[in-house]
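Working notes, structure below.
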Amino acid sequence: MRGANDGLWDWNLETNDVYFSPRWKQILGYAEHELSPHVDEFFKLLHPDDQAPTTDKITAYFDKKIPAYEVTFRLQHKDGHYVWILSRGIAVWNEQAKPLRMVGTHVDLTAQKQAEEALSQAKEAAEVANRAKSAFLANMSHELRTPLNGILGYAQILKLHNLNAQQQEGIAVIQRSGEYLLTLINDVLDLSKIEANRIELVPTAFYFENFLGEMNELFHMRAQQKGIPFHYQPLTQLPTIVHADETRLRQVLINLLGNAVKFTEQGCVTFKVSSIQNPKGQTWKIRFQVEDSGIGISQDELSKIFLPFQQAGEQNYQAQGTGLGLAISKKLVEMMGGELQVNSTLGQGSTFWMELDLQEISNTTPEQTDKPEIIGFDGPPRTLLVVDDKWENRSVLVNMLAPLGFKMMEACDGQESVDKALQTQPDAILMDLMMPVKDGFEATRQIRTMPELKEVVIIAISASAFDFHQQQSQEAGCDDFIAKPFKRDVLLEKLQKHLNLKWIYDKTQSTPSQRQKSEKSLFSSLWEGGNFQPPAIKGPSPEQAAILFEFSLKGDIESIMDYVEKLEQTELQTFSVEIKKLAEEFQINKISEIAKYYREAASLAEVSTAMPTAEQAAILFDLAMKGDVYGLRDYLEQLEQNDDKLAQFAKQIRPLAKQFQYDKICEIVQPYMDNKLSPSPKQLESKL
């Protein structure tokens with residue numbers, strides 16, 4: 001017992017005398033000669049709240065209603081405070097099953113109870129803090145999204161008007177700035193959702209090359225504005241259509257590429273993408289790698305950069321952003337089955353990379369996004385009731401929907417919405433949730449109890465982006481939910497779904513599906529015996545054909561459409577129209593064969609004997625060694641403009657640059673650097 005450090009007690013049930021061991025008394029602060037050896041002494045020390053439970057436990061044990069005696073209670077210490085005790089005991093019975101004596105131990109649980117109490121208090125404090133954080137985020141989101149809804153809403157409305165180029169650019173600046181602020185808000189909300197495990201991936205099918213092309217265009221422009229080169233290098237063949245969460249993947253890459261451009265003042269930023277296809281299935285392991293020659297990160301700070309609100313580098317860089325991007329990106333990459341990794345050297349630059357397993361889709365076509373403008377709807381007029389306590393929010397909805405033919409009604413709080421809904425019997429109600437007098441939840445619940453309004457469509461439009469508000473709106477009776485600030489296309493899609501609308505489109509435009517129903521391309525019937533037979537129309541130059549060929553190999557329909565629209569402004573109008581028809585029919589293989597024919601049709605023997613000087617060749621060689629496709633493009637254009645005799649040579653080199661065949665370019669231009677005899681046209685043809 002001394003080794004166990006427990007107190008011992010021995011209770012004579014016939015005399016009610018009790019032996020309390022020295023350790024038993026010591027636990028309560030008493031000396032050995034203190035406390036009388038009687039059971040009353042124990043009950044005097046027992047906490048009033050523990051008297052009845054302890055007595056009940058003893059009685060139940062003596063009546064053999066429970067197999068063992070074990071109870072926790074509080075005994076008063078000599079200095080007045082209470083000590084938590086775990087008491088265990090066993091009785092000695094006579095032949096008549098009457099208890100004669102009971103012996104047991106006391107274990108001091110005070111330290112354990114204090115730890116449990118501290119843990120409970122800490123847990124409660126954490127829950128209070130978490131509730132406060134959620135309340136703050138909800139309020140912050142609502143207060144910031146409300147004015148953003150007006151800014152971005154009117155930006156969308158104004159873009160529909162006939163504005164000049166300067167006005168359009170001004171509206172675009174407003175919209176980009178508003179969307180950037182919205183991104184910062186969403187970063188904070190995303191982190192909160194990730195920490196609570198409330199975020200889910202939404203995979204869809206999308207054109208992978210188009211997706212990467214958008215990244216390239218966006219950051220080539222940003223880098224150009226900063227005066228640094230940006231290189232996009234697809235190192236291997238890539239899948240055409242993949243199944244993944246396009247939005248979240250874009251979010252991660254924008255963060256990584258944005259950081260690379262932001263922290264690079266000299267040198268360049270390189271975006272590399274490579275892949276390995278699983279030979280047993282349609283899965284590709286895609287490696288995304290972002291390299292920069294920026295300020296770099298010290299080893300001490302590397303471990304911190306993936307933590308929320310942590311930023312590395314100098315103070316002027318830390319002021320740009322929230323410090324949440326990498327923390328969110330890391331979590332998203334892990335959700336997608338990968339791991340975000342980094343190597344960095346202070347003063348030299350950083351490399352971030354991740355590998356993701358993406359599934360290739362071969363039997364589907366991603367949803368087209370270039371839809372023509374909606375100008376109205378078929379059928380009788382529809383009445384919409386807009387409910388919002390903010391005039392600017394009501395104004396956005398009214399000005400966005402009234403031009404399409406909707407009859408618009410307005411209410412500024414939940415009670416007015418109930419009254420006007422009864423009066424006007426609208427086809428749909430666009431209901432804000434957070435309003436004075438009566439909020440949208442209560443108004444919706446009240447409307448659902450009215451037989452004449454029970455079936456009316458109610459779409460919640462709220463500045464709250466939290467899932468639980470969306471869930472609450474559905475429980476209240478809303479048919480759908482839209483978060484502010486909303487996009488016009490999303491709003492129209494919801495109205496079409498719930499009101500079964502048939503849109504009227506601008507007849508000057510057409511959808512891809514409508515264009516596919518147009519006249520077949522002139523090229524469609526020009527295959528004889530599997531070989532292409534060109535029509536009697538003017539075809540593209542080898543350089544132009546090489547660009548088309550490159551896009552066709554990537555399956556990049558959007559880039560093909562953009563390029564042939566440019567060609568349509570030249571003497572190649574007929575050719576461009578026919579290629580566009582094939583693109584609308586997704587006839588990638590035919591476009592590839594046509595482009596290949598025209599690319600190879602002009603004999604390379606026609607290349608001028610005028611060749612670059614040693615200095616010009618050295619510049620081309622240096623640009624090719626750096627993999628600077630944009631530098632090559634600009635310099636080749638310079639050669640064409642400054643020397644007509646070099647134009648044909650430049651046109652033959654440019655397709656190699658666009659196809660990232662830097663080794664081939666170096667092989668061609670190196671002889672001129674070394675002042676060796678220029679290759680003959682036939683030798684140049686073999687190299688090309």
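In the structure tokens, each chain is lettered A, B, ... as it comes, each chain's residues begin at 1, and ligands are numbered from 1 in order of appearance.
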Name the residues in contact with region 456-463 of chain A at a cut-off of 7 Å, using only C-alpha atoms, excluding same-chain residues fewer than 6 positions from it; report them as a VMD selection string. chain A and resid 141 to 142 145 to 146 427 to 433 473 478 to 485 498
Extract, using only C-alpha atoms, all DNA, RNA and protein residues at most 12 Å from Gly281 (chain A), discarding same-chain residues fewer than 5 positions from it, and format them as a list in words. Ile276, Asp357, Leu358, Gln359, Glu360, Ile361 and Ser362 of chain A
Write a file of the selected residues as a short mmCIF file (atom, residue, chain, number, x, y, z; two decimals), in the first residue's frame, keeping C-alpha atoms.
```cif
data_model
loop_
_atom_site.label_atom_id
_atom_site.label_comp_id
_atom_site.auth_asym_id
_atom_site.auth_seq_id
_atom_site.Cartn_x
_atom_site.Cartn_y
_atom_site.Cartn_z
CA ILE A 276 3.68 9.58 -67.86
CA ASP A 357 -2.97 11.29 -61.23
CA LEU A 358 -5.52 12.58 -63.74
CA GLN A 359 -7.94 10.40 -65.70
CA GLU A 360 -8.10 10.92 -69.45
CA ILE A 361 -11.58 11.03 -70.96
CA SER A 362 -11.93 9.86 -74.55
#
```
Could you pull out the alpha helix (DSSP H) residues of region 323-424 of chain A from DSSP and send them as a PyMOL selection string? chain A and resi 325-335+391-401+414-424
Selection export as a PDB file, in the first residue's frame, atoms kept: C-alpha atoms:
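Below is the file that was written, out-v2.pdb:
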```pdb
ATOM      1  CA  GLY A 325      -2.444  30.913 -50.748  1.00  0.00           C
ATOM      2  CA  LEU A 326       0.189  28.242 -50.137  1.00  0.00           C
ATOM      3  CA  ALA A 327      -1.633  26.837 -47.097  1.00  0.00           C
ATOM      4  CA  ILE A 328      -4.796  26.414 -49.156  1.00  0.00           C
ATOM      5  CA  SER A 329      -2.906  25.102 -52.195  1.00  0.00           C
ATOM      6  CA  LYS A 330      -1.148  22.456 -50.089  1.00  0.00           C
ATOM      7  CA  LYS A 331      -4.453  21.225 -48.666  1.00  0.00           C
ATOM      8  CA  LEU A 332      -6.120  21.172 -52.097  1.00  0.00           C
ATOM      9  CA  VAL A 333      -3.238  19.241 -53.675  1.00  0.00           C
ATOM     10  CA  GLU A 334      -3.447  16.674 -50.861  1.00  0.00           C
ATOM     11  CA  MET A 335      -7.209  16.366 -51.455  1.00  0.00           C
ATOM     12  CA  TRP A 391     -31.248  49.008 -52.895  1.00  0.00           C
ATOM     13  CA  GLU A 392     -28.069  48.368 -54.919  1.00  0.00           C
ATOM     14  CA  ASN A 393     -28.628  44.604 -54.814  1.00  0.00           C
ATOM     15  CA  ARG A 394     -32.228  44.953 -55.969  1.00  0.00           C
ATOM     16  CA  SER A 395     -31.090  47.364 -58.683  1.00  0.00           C
ATOM     17  CA  VAL A 396     -28.553  44.879 -60.073  1.00  0.00           C
ATOM     18  CA  LEU A 397     -31.184  42.139 -60.390  1.00  0.00           C
ATOM     19  CA  VAL A 398     -33.828  44.439 -61.852  1.00  0.00           C
ATOM     20  CA  ASN A 399     -31.473  45.912 -64.467  1.00  0.00           C
ATOM     21  CA  MET A 400     -30.086  42.494 -65.328  1.00  0.00           C
ATOM     22  CA  LEU A 401     -33.441  40.730 -65.791  1.00  0.00           C
ATOM     23  CA  GLY A 414     -39.128  39.581 -45.390  1.00  0.00           C
ATOM     24  CA  GLN A 415     -42.511  40.837 -44.205  1.00  0.00           C
ATOM     25  CA  GLU A 416     -42.995  43.004 -47.297  1.00  0.00           C
ATOM     26  CA  SER A 417     -42.047  40.018 -49.451  1.00  0.00           C
ATOM     27  CA  VAL A 418     -44.819  37.923 -47.888  1.00  0.00           C
ATOM     28  CA  ASP A 419     -47.363  40.700 -48.413  1.00  0.00           C
ATOM     29  CA  LYS A 420     -46.363  41.380 -52.043  1.00  0.00           C
ATOM     30  CA  ALA A 421     -46.158  37.676 -52.857  1.00  0.00           C
ATOM     31  CA  LEU A 422     -49.791  37.287 -51.754  1.00  0.00           C
ATOM     32  CA  GLN A 423     -50.800  40.298 -53.866  1.00  0.00           C
ATOM     33  CA  THR A 424     -48.894  39.577 -57.073  1.00  0.00           C
TER      34      THR A 424
END
```
Which residues are near Thr240 (chain A)? Cut-off 12 Å, only C-alpha atoms, ignore same chain within fewer than 6 positions. Put them as a tab-separated table (two decimals) with all heavy atoms, in the first residue's frame.
```tsv
chain	number	residue	atom	x	y	z
A	205	ALA	N	-15.08	17.18	-66.88
A	205	ALA	CA	-14.21	16.95	-68.05
A	205	ALA	C	-13.87	18.30	-68.67
A	205	ALA	O	-14.74	19.15	-68.85
A	205	ALA	CB	-14.92	16.06	-69.06
A	206	PHE	N	-12.60	18.51	-69.00
A	206	PHE	CA	-12.19	19.76	-69.65
A	206	PHE	C	-10.97	19.52	-70.52
A	206	PHE	O	-10.21	18.57	-70.32
A	206	PHE	CB	-11.92	20.86	-68.62
A	206	PHE	CG	-10.80	20.57	-67.65
A	206	PHE	CD1	-9.50	20.98	-67.91
A	206	PHE	CD2	-11.05	19.88	-66.47
A	206	PHE	CE1	-8.48	20.72	-67.01
A	206	PHE	CE2	-10.04	19.62	-65.56
A	206	PHE	CZ	-8.75	20.03	-65.84
A	207	TYR	N	-10.81	20.42	-71.52
A	207	TYR	CA	-9.67	20.33	-72.42
A	207	TYR	C	-8.41	20.75	-71.68
A	207	TYR	O	-8.26	21.90	-71.28
A	207	TYR	CB	-9.88	21.23	-73.65
A	207	TYR	CG	-10.87	20.68	-74.64
A	207	TYR	CD1	-12.10	21.30	-74.84
A	207	TYR	CD2	-10.57	19.54	-75.38
A	207	TYR	CE1	-13.02	20.80	-75.76
A	207	TYR	CE2	-11.48	19.04	-76.30
A	207	TYR	CZ	-12.70	19.67	-76.48
A	207	TYR	OH	-13.60	19.17	-77.39
A	208	PHE	N	-7.48	19.80	-71.51
A	208	PHE	CA	-6.29	20.04	-70.70
A	208	PHE	C	-5.35	21.05	-71.37
A	208	PHE	O	-4.81	21.94	-70.71
A	208	PHE	CB	-5.58	18.71	-70.45
A	208	PHE	CG	-4.52	18.79	-69.39
A	208	PHE	CD1	-4.79	19.34	-68.15
A	208	PHE	CD2	-3.24	18.29	-69.63
A	208	PHE	CE1	-3.82	19.41	-67.17
A	208	PHE	CE2	-2.27	18.35	-68.66
A	208	PHE	CZ	-2.56	18.91	-67.42
A	209	GLU	N	-5.14	20.92	-72.68
A	209	GLU	CA	-4.24	21.84	-73.38
A	209	GLU	C	-4.80	23.26	-73.33
A	209	GLU	O	-4.05	24.22	-73.18
A	209	GLU	CB	-4.05	21.39	-74.83
A	209	GLU	CG	-3.18	20.15	-74.99
A	209	GLU	CD	-1.70	20.44	-74.78
A	209	GLU	OE1	-1.35	21.63	-74.64
A	209	GLU	OE2	-0.90	19.51	-74.76
A	210	ASN	N	-6.11	23.41	-73.50
A	210	ASN	CA	-6.72	24.74	-73.41
A	210	ASN	C	-6.51	25.33	-72.02
A	210	ASN	O	-6.21	26.51	-71.86
A	210	ASN	CB	-8.22	24.66	-73.70
A	210	ASN	CG	-8.50	24.36	-75.15
A	210	ASN	OD1	-7.60	24.04	-75.92
A	210	ASN	ND2	-9.75	24.43	-75.54
A	211	PHE	N	-6.69	24.49	-71.03
A	211	PHE	CA	-6.52	24.91	-69.64
A	211	PHE	C	-5.10	25.43	-69.40
A	211	PHE	O	-4.89	26.52	-68.84
A	211	PHE	CB	-6.81	23.72	-68.73
A	211	PHE	CG	-6.46	23.93	-67.28
A	211	PHE	CD1	-7.32	24.61	-66.43
A	211	PHE	CD2	-5.27	23.43	-66.77
A	211	PHE	CE1	-6.99	24.80	-65.10
A	211	PHE	CE2	-4.94	23.62	-65.44
A	211	PHE	CZ	-5.79	24.31	-64.60
A	212	LEU	N	-4.10	24.67	-69.86
A	212	LEU	CA	-2.71	25.09	-69.70
A	212	LEU	C	-2.40	26.32	-70.53
A	212	LEU	O	-1.63	27.19	-70.13
A	212	LEU	CB	-1.77	23.94	-70.07
A	212	LEU	CG	-1.84	22.70	-69.18
A	212	LEU	CD1	-0.97	21.59	-69.74
A	212	LEU	CD2	-1.43	23.03	-67.76
A	282	GLN	N	-6.33	4.59	-68.37
A	282	GLN	CA	-6.44	5.92	-68.94
A	282	GLN	C	-5.97	6.99	-67.96
A	282	GLN	O	-6.32	8.15	-68.08
A	282	GLN	CB	-7.88	6.19	-69.37
A	282	GLN	CG	-8.35	5.34	-70.54
A	282	GLN	CD	-9.76	5.70	-70.96
A	282	GLN	OE1	-10.68	5.75	-70.16
A	282	GLN	NE2	-9.93	5.97	-72.25
A	284	TRP	N	-3.11	9.35	-66.22
A	284	TRP	CA	-1.83	10.00	-66.51
A	284	TRP	C	-1.29	10.59	-65.21
A	284	TRP	O	-2.02	11.23	-64.46
A	284	TRP	CB	-2.00	11.12	-67.52
A	284	TRP	CG	-2.39	10.68	-68.90
A	284	TRP	CD1	-3.56	10.10	-69.28
A	284	TRP	CD2	-1.61	10.81	-70.09
A	284	TRP	NE1	-3.57	9.85	-70.62
A	284	TRP	CE2	-2.38	10.29	-71.16
A	284	TRP	CE3	-0.35	11.33	-70.37
A	284	TRP	CZ2	-1.93	10.26	-72.46
A	284	TRP	CZ3	0.11	11.31	-71.68
A	284	TRP	CH2	-0.67	10.77	-72.71
A	358	LEU	N	-4.31	12.08	-63.09
A	358	LEU	CA	-5.52	12.58	-63.74
A	358	LEU	C	-6.02	11.56	-64.75
A	358	LEU	O	-5.24	10.97	-65.49
A	358	LEU	CB	-5.26	13.91	-64.44
A	358	LEU	CG	-4.72	15.05	-63.57
A	358	LEU	CD1	-4.60	16.33	-64.39
A	358	LEU	CD2	-5.61	15.28	-62.36
A	359	GLN	N	-7.33	11.36	-64.79
A	359	GLN	CA	-7.94	10.40	-65.70
A	359	GLN	C	-8.23	11.07	-67.04
A	359	GLN	O	-8.82	12.15	-67.10
A	359	GLN	CB	-9.23	9.85	-65.11
A	359	GLN	CG	-9.90	8.78	-65.97
A	359	GLN	CD	-11.20	8.29	-65.38
A	359	GLN	OE1	-11.65	8.79	-64.36
A	359	GLN	NE2	-11.81	7.31	-66.01
A	360	GLU	N	-7.81	10.41	-68.12
A	360	GLU	CA	-8.10	10.92	-69.45
A	360	GLU	C	-9.48	10.45	-69.88
A	360	GLU	O	-9.86	9.30	-69.66
A	360	GLU	CB	-7.06	10.44	-70.46
A	360	GLU	CG	-7.28	11.01	-71.86
A	360	GLU	CD	-6.23	10.58	-72.86
A	360	GLU	OE1	-5.59	9.53	-72.63
A	360	GLU	OE2	-6.05	11.28	-73.86
A	361	ILE	N	-10.24	11.34	-70.48
A	361	ILE	CA	-11.58	11.03	-70.96
A	361	ILE	C	-11.55	11.04	-72.49
A	361	ILE	O	-11.13	12.03	-73.10
A	361	ILE	CB	-12.61	12.07	-70.45
A	361	ILE	CG1	-12.55	12.16	-68.93
A	361	ILE	CG2	-14.01	11.69	-70.92
A	361	ILE	CD1	-12.93	10.91	-68.20
A	362	SER	N	-11.99	9.95	-73.09
A	362	SER	CA	-11.93	9.86	-74.55
A	362	SER	C	-13.30	9.82	-75.22
A	362	SER	O	-13.40	10.00	-76.42
A	362	SER	CB	-11.14	8.60	-74.96
A	362	SER	OG	-11.74	7.44	-74.40
A	363	ASN	N	-14.35	9.62	-74.43
A	363	ASN	CA	-15.68	9.45	-75.05
A	363	ASN	C	-16.65	10.55	-74.65
A	363	ASN	O	-17.84	10.32	-74.54
A	363	ASN	CB	-16.26	8.08	-74.67
A	363	ASN	CG	-16.38	7.92	-73.16
A	363	ASN	OD1	-15.90	8.75	-72.41
A	363	ASN	ND2	-17.02	6.84	-72.74
A	364	THR	N	-16.12	11.74	-74.38
A	364	THR	CA	-17.00	12.84	-74.01
A	364	THR	C	-16.46	14.14	-74.58
A	364	THR	O	-15.29	14.24	-74.92
A	364	THR	CB	-17.14	12.95	-72.48
A	364	THR	OG1	-18.14	13.91	-72.17
A	364	THR	CG2	-15.82	13.39	-71.84
A	365	THR	N	-17.31	15.13	-74.65
A	365	THR	CA	-16.92	16.46	-75.11
A	365	THR	C	-17.24	17.44	-73.99
A	365	THR	O	-18.39	17.50	-73.54
A	365	THR	CB	-17.68	16.87	-76.38
A	365	THR	OG1	-17.40	15.92	-77.41
A	365	THR	CG2	-17.26	18.27	-76.82
A	366	PRO	N	-16.25	18.19	-73.50
A	366	PRO	CA	-16.53	19.16	-72.43
A	366	PRO	C	-17.57	20.17	-72.86
A	366	PRO	O	-17.72	20.48	-74.04
A	366	PRO	CB	-15.16	19.83	-72.22
A	366	PRO	CG	-14.16	18.85	-72.73
A	366	PRO	CD	-14.84	18.14	-73.87
A	551	PHE	N	-1.59	23.07	-83.37
A	551	PHE	CA	-2.84	23.11	-82.61
A	551	PHE	C	-3.63	21.82	-82.78
A	551	PHE	O	-4.26	21.33	-81.84
A	551	PHE	CB	-3.69	24.30	-83.05
A	551	PHE	CG	-3.15	25.64	-82.65
A	551	PHE	CD1	-3.33	26.76	-83.45
A	551	PHE	CD2	-2.44	25.79	-81.47
A	551	PHE	CE1	-2.83	27.99	-83.08
A	551	PHE	CE2	-1.93	27.02	-81.09
A	551	PHE	CZ	-2.13	28.13	-81.90
A	552	SER	N	-3.63	21.25	-83.98
A	552	SER	CA	-4.39	20.02	-84.24
A	552	SER	C	-3.80	18.85	-83.48
A	552	SER	O	-4.53	17.98	-83.00
A	552	SER	CB	-4.44	19.73	-85.74
A	552	SER	OG	-3.15	19.41	-86.24
A	553	LEU	N	-2.47	18.80	-83.36
A	553	LEU	CA	-1.84	17.71	-82.60
A	553	LEU	C	-2.25	17.77	-81.13
A	553	LEU	O	-2.36	16.73	-80.47
A	553	LEU	CB	-0.32	17.80	-82.71
A	553	LEU	CG	0.31	17.41	-84.06
A	553	LEU	CD1	1.82	17.53	-84.00
A	553	LEU	CD2	-0.09	15.98	-84.44
A	554	LYS	N	-2.45	18.99	-80.63
A	554	LYS	CA	-2.85	19.15	-79.23
A	554	LYS	C	-4.36	18.98	-79.04
A	554	LYS	O	-4.83	18.95	-77.90
A	554	LYS	CB	-2.44	20.53	-78.73
A	554	LYS	CG	-0.94	20.76	-78.69
A	554	LYS	CD	-0.63	22.19	-78.25
A	554	LYS	CE	0.86	22.45	-78.20
A	554	LYS	NZ	1.16	23.84	-77.78
A	555	GLY	N	-5.10	18.90	-80.14
A	555	GLY	CA	-6.56	18.85	-80.03
A	555	GLY	C	-7.14	20.15	-79.53
A	555	GLY	O	-8.20	20.19	-78.90
A	556	ASP	N	-6.43	21.25	-79.79
A	556	ASP	CA	-6.79	22.55	-79.25
A	556	ASP	C	-7.77	23.26	-80.19
A	556	ASP	O	-7.39	24.10	-81.01
A	556	ASP	CB	-5.52	23.38	-79.06
A	556	ASP	CG	-5.78	24.64	-78.23
A	556	ASP	OD1	-6.95	25.00	-78.08
A	556	ASP	OD2	-4.81	25.23	-77.75
A	557	ILE	N	-9.05	22.90	-80.09
A	557	ILE	CA	-10.09	23.47	-80.96
A	557	ILE	C	-10.17	24.98	-80.81
A	557	ILE	O	-10.28	25.72	-81.80
A	557	ILE	CB	-11.46	22.83	-80.63
A	557	ILE	CG1	-11.48	21.37	-81.07
A	557	ILE	CG2	-12.59	23.60	-81.30
A	557	ILE	CD1	-11.49	21.18	-82.56
A	588	ILE	N	-10.58	16.85	-85.92
A	588	ILE	CA	-9.18	17.16	-85.63
A	588	ILE	C	-8.24	16.45	-86.60
A	588	ILE	O	-7.27	17.04	-87.10
A	588	ILE	CB	-8.83	16.79	-84.18
A	588	ILE	CG1	-9.59	17.69	-83.20
A	588	ILE	CG2	-7.34	16.91	-83.93
A	588	ILE	CD1	-9.17	19.14	-83.26
```
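Atom to atom, CA of Pro542 (chain A) and CA of Val669 (chain A) stand 19.9 Å apart.
Here CA of Glu373 (chain A) stands at a distance of 5.6 Å from CA of Tyr505 (chain A).
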Which distance in Å separates CA of Gln112 (chain A) and CA of Phe73 (chain A), to one decimal? 13.4 Å
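Shell of region 13-24 of chain A at 6 Å, with only C-alpha atoms counted and residues fewer than 6 places along the chain excluded, is Gly7, Glu32, Pro37, His38, Val39, Leu100 and Arg101 of chain A.
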Pull all heavy atoms from the residues just selected and write them as a PDB file, in the first residue's frame.
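Written output follows (selection10.pdb):
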```
ATOM      1  N   GLY A   7      -4.426   5.581   0.331  1.00  0.00           N
ATOM      2  CA  GLY A   7      -4.874   5.492   1.711  1.00  0.00           C
ATOM      3  C   GLY A   7      -5.681   4.223   1.943  1.00  0.00           C
ATOM      4  O   GLY A   7      -6.356   3.729   1.040  1.00  0.00           O
ATOM      5  N   GLU A  32      -1.240  11.825  12.079  1.00  0.00           N
ATOM      6  CA  GLU A  32      -1.718  10.479  12.463  1.00  0.00           C
ATOM      7  C   GLU A  32      -2.634  10.517  13.681  1.00  0.00           C
ATOM      8  O   GLU A  32      -3.565   9.727  13.801  1.00  0.00           O
ATOM      9  CB  GLU A  32      -0.527   9.562  12.755  1.00  0.00           C
ATOM     10  CG  GLU A  32       0.252   9.164  11.513  1.00  0.00           C
ATOM     11  CD  GLU A  32       1.267   8.073  11.824  1.00  0.00           C
ATOM     12  OE1 GLU A  32       0.982   7.210  12.679  1.00  0.00           O
ATOM     13  OE2 GLU A  32       2.340   8.095  11.204  1.00  0.00           O
ATOM     14  N   PRO A  37     -11.526   7.726  15.231  1.00  0.00           N
ATOM     15  CA  PRO A  37     -11.723   6.505  14.436  1.00  0.00           C
ATOM     16  C   PRO A  37     -13.195   6.093  14.366  1.00  0.00           C
ATOM     17  O   PRO A  37     -13.560   4.983  14.801  1.00  0.00           O
ATOM     18  CB  PRO A  37     -10.876   5.486  15.180  1.00  0.00           C
ATOM     19  CG  PRO A  37     -10.929   5.917  16.597  1.00  0.00           C
ATOM     20  CD  PRO A  37     -10.980   7.416  16.583  1.00  0.00           C
ATOM     21  N   HIS A  38     -14.059   6.965  13.838  1.00  0.00           N
ATOM     22  CA  HIS A  38     -15.478   6.640  13.752  1.00  0.00           C
ATOM     23  C   HIS A  38     -15.980   7.039  12.362  1.00  0.00           C
ATOM     24  O   HIS A  38     -15.527   8.006  11.752  1.00  0.00           O
ATOM     25  CB  HIS A  38     -16.268   7.372  14.842  1.00  0.00           C
ATOM     26  CG  HIS A  38     -17.637   6.815  15.049  1.00  0.00           C
ATOM     27  ND1 HIS A  38     -18.737   7.219  14.322  1.00  0.00           N
ATOM     28  CD2 HIS A  38     -18.098   5.859  15.926  1.00  0.00           C
ATOM     29  CE1 HIS A  38     -19.803   6.565  14.719  1.00  0.00           C
ATOM     30  NE2 HIS A  38     -19.445   5.724  15.709  1.00  0.00           N
ATOM     31  N   VAL A  39     -16.983   6.292  11.898  1.00  0.00           N
ATOM     32  CA  VAL A  39     -17.483   6.533  10.542  1.00  0.00           C
ATOM     33  C   VAL A  39     -18.088   7.916  10.387  1.00  0.00           C
ATOM     34  O   VAL A  39     -18.103   8.498   9.297  1.00  0.00           O
ATOM     35  CB  VAL A  39     -18.504   5.444  10.148  1.00  0.00           C
ATOM     36  CG1 VAL A  39     -19.832   5.633  10.880  1.00  0.00           C
ATOM     37  CG2 VAL A  39     -18.721   5.431   8.635  1.00  0.00           C
ATOM     38  N   LEU A 100     -20.111  -7.822   7.705  1.00  0.00           N
ATOM     39  CA  LEU A 100     -19.550  -7.583   9.031  1.00  0.00           C
ATOM     40  C   LEU A 100     -18.469  -6.507   9.006  1.00  0.00           C
ATOM     41  O   LEU A 100     -18.316  -5.765   9.972  1.00  0.00           O
ATOM     42  CB  LEU A 100     -18.949  -8.885   9.573  1.00  0.00           C
ATOM     43  CG  LEU A 100     -19.908 -10.079   9.679  1.00  0.00           C
ATOM     44  CD1 LEU A 100     -19.154 -11.302  10.163  1.00  0.00           C
ATOM     45  CD2 LEU A 100     -21.061  -9.752  10.639  1.00  0.00           C
ATOM     46  N   ARG A 101     -17.762  -6.422   7.926  1.00  0.00           N
ATOM     47  CA  ARG A 101     -16.608  -5.542   7.857  1.00  0.00           C
ATOM     48  C   ARG A 101     -16.392  -5.152   6.388  1.00  0.00           C
ATOM     49  O   ARG A 101     -16.707  -5.906   5.485  1.00  0.00           O
ATOM     50  CB  ARG A 101     -15.401  -6.286   8.409  1.00  0.00           C
ATOM     51  CG  ARG A 101     -14.095  -5.539   8.408  1.00  0.00           C
ATOM     52  CD  ARG A 101     -13.010  -6.464   8.930  1.00  0.00           C
ATOM     53  NE  ARG A 101     -11.688  -5.879   8.802  1.00  0.00           N
ATOM     54  CZ  ARG A 101     -10.565  -6.559   8.973  1.00  0.00           C
ATOM     55  NH1 ARG A 101     -10.626  -7.869   9.254  1.00  0.00           N
ATOM     56  NH2 ARG A 101      -9.400  -5.955   8.865  1.00  0.00           N
TER      57      ARG A 101
END
```
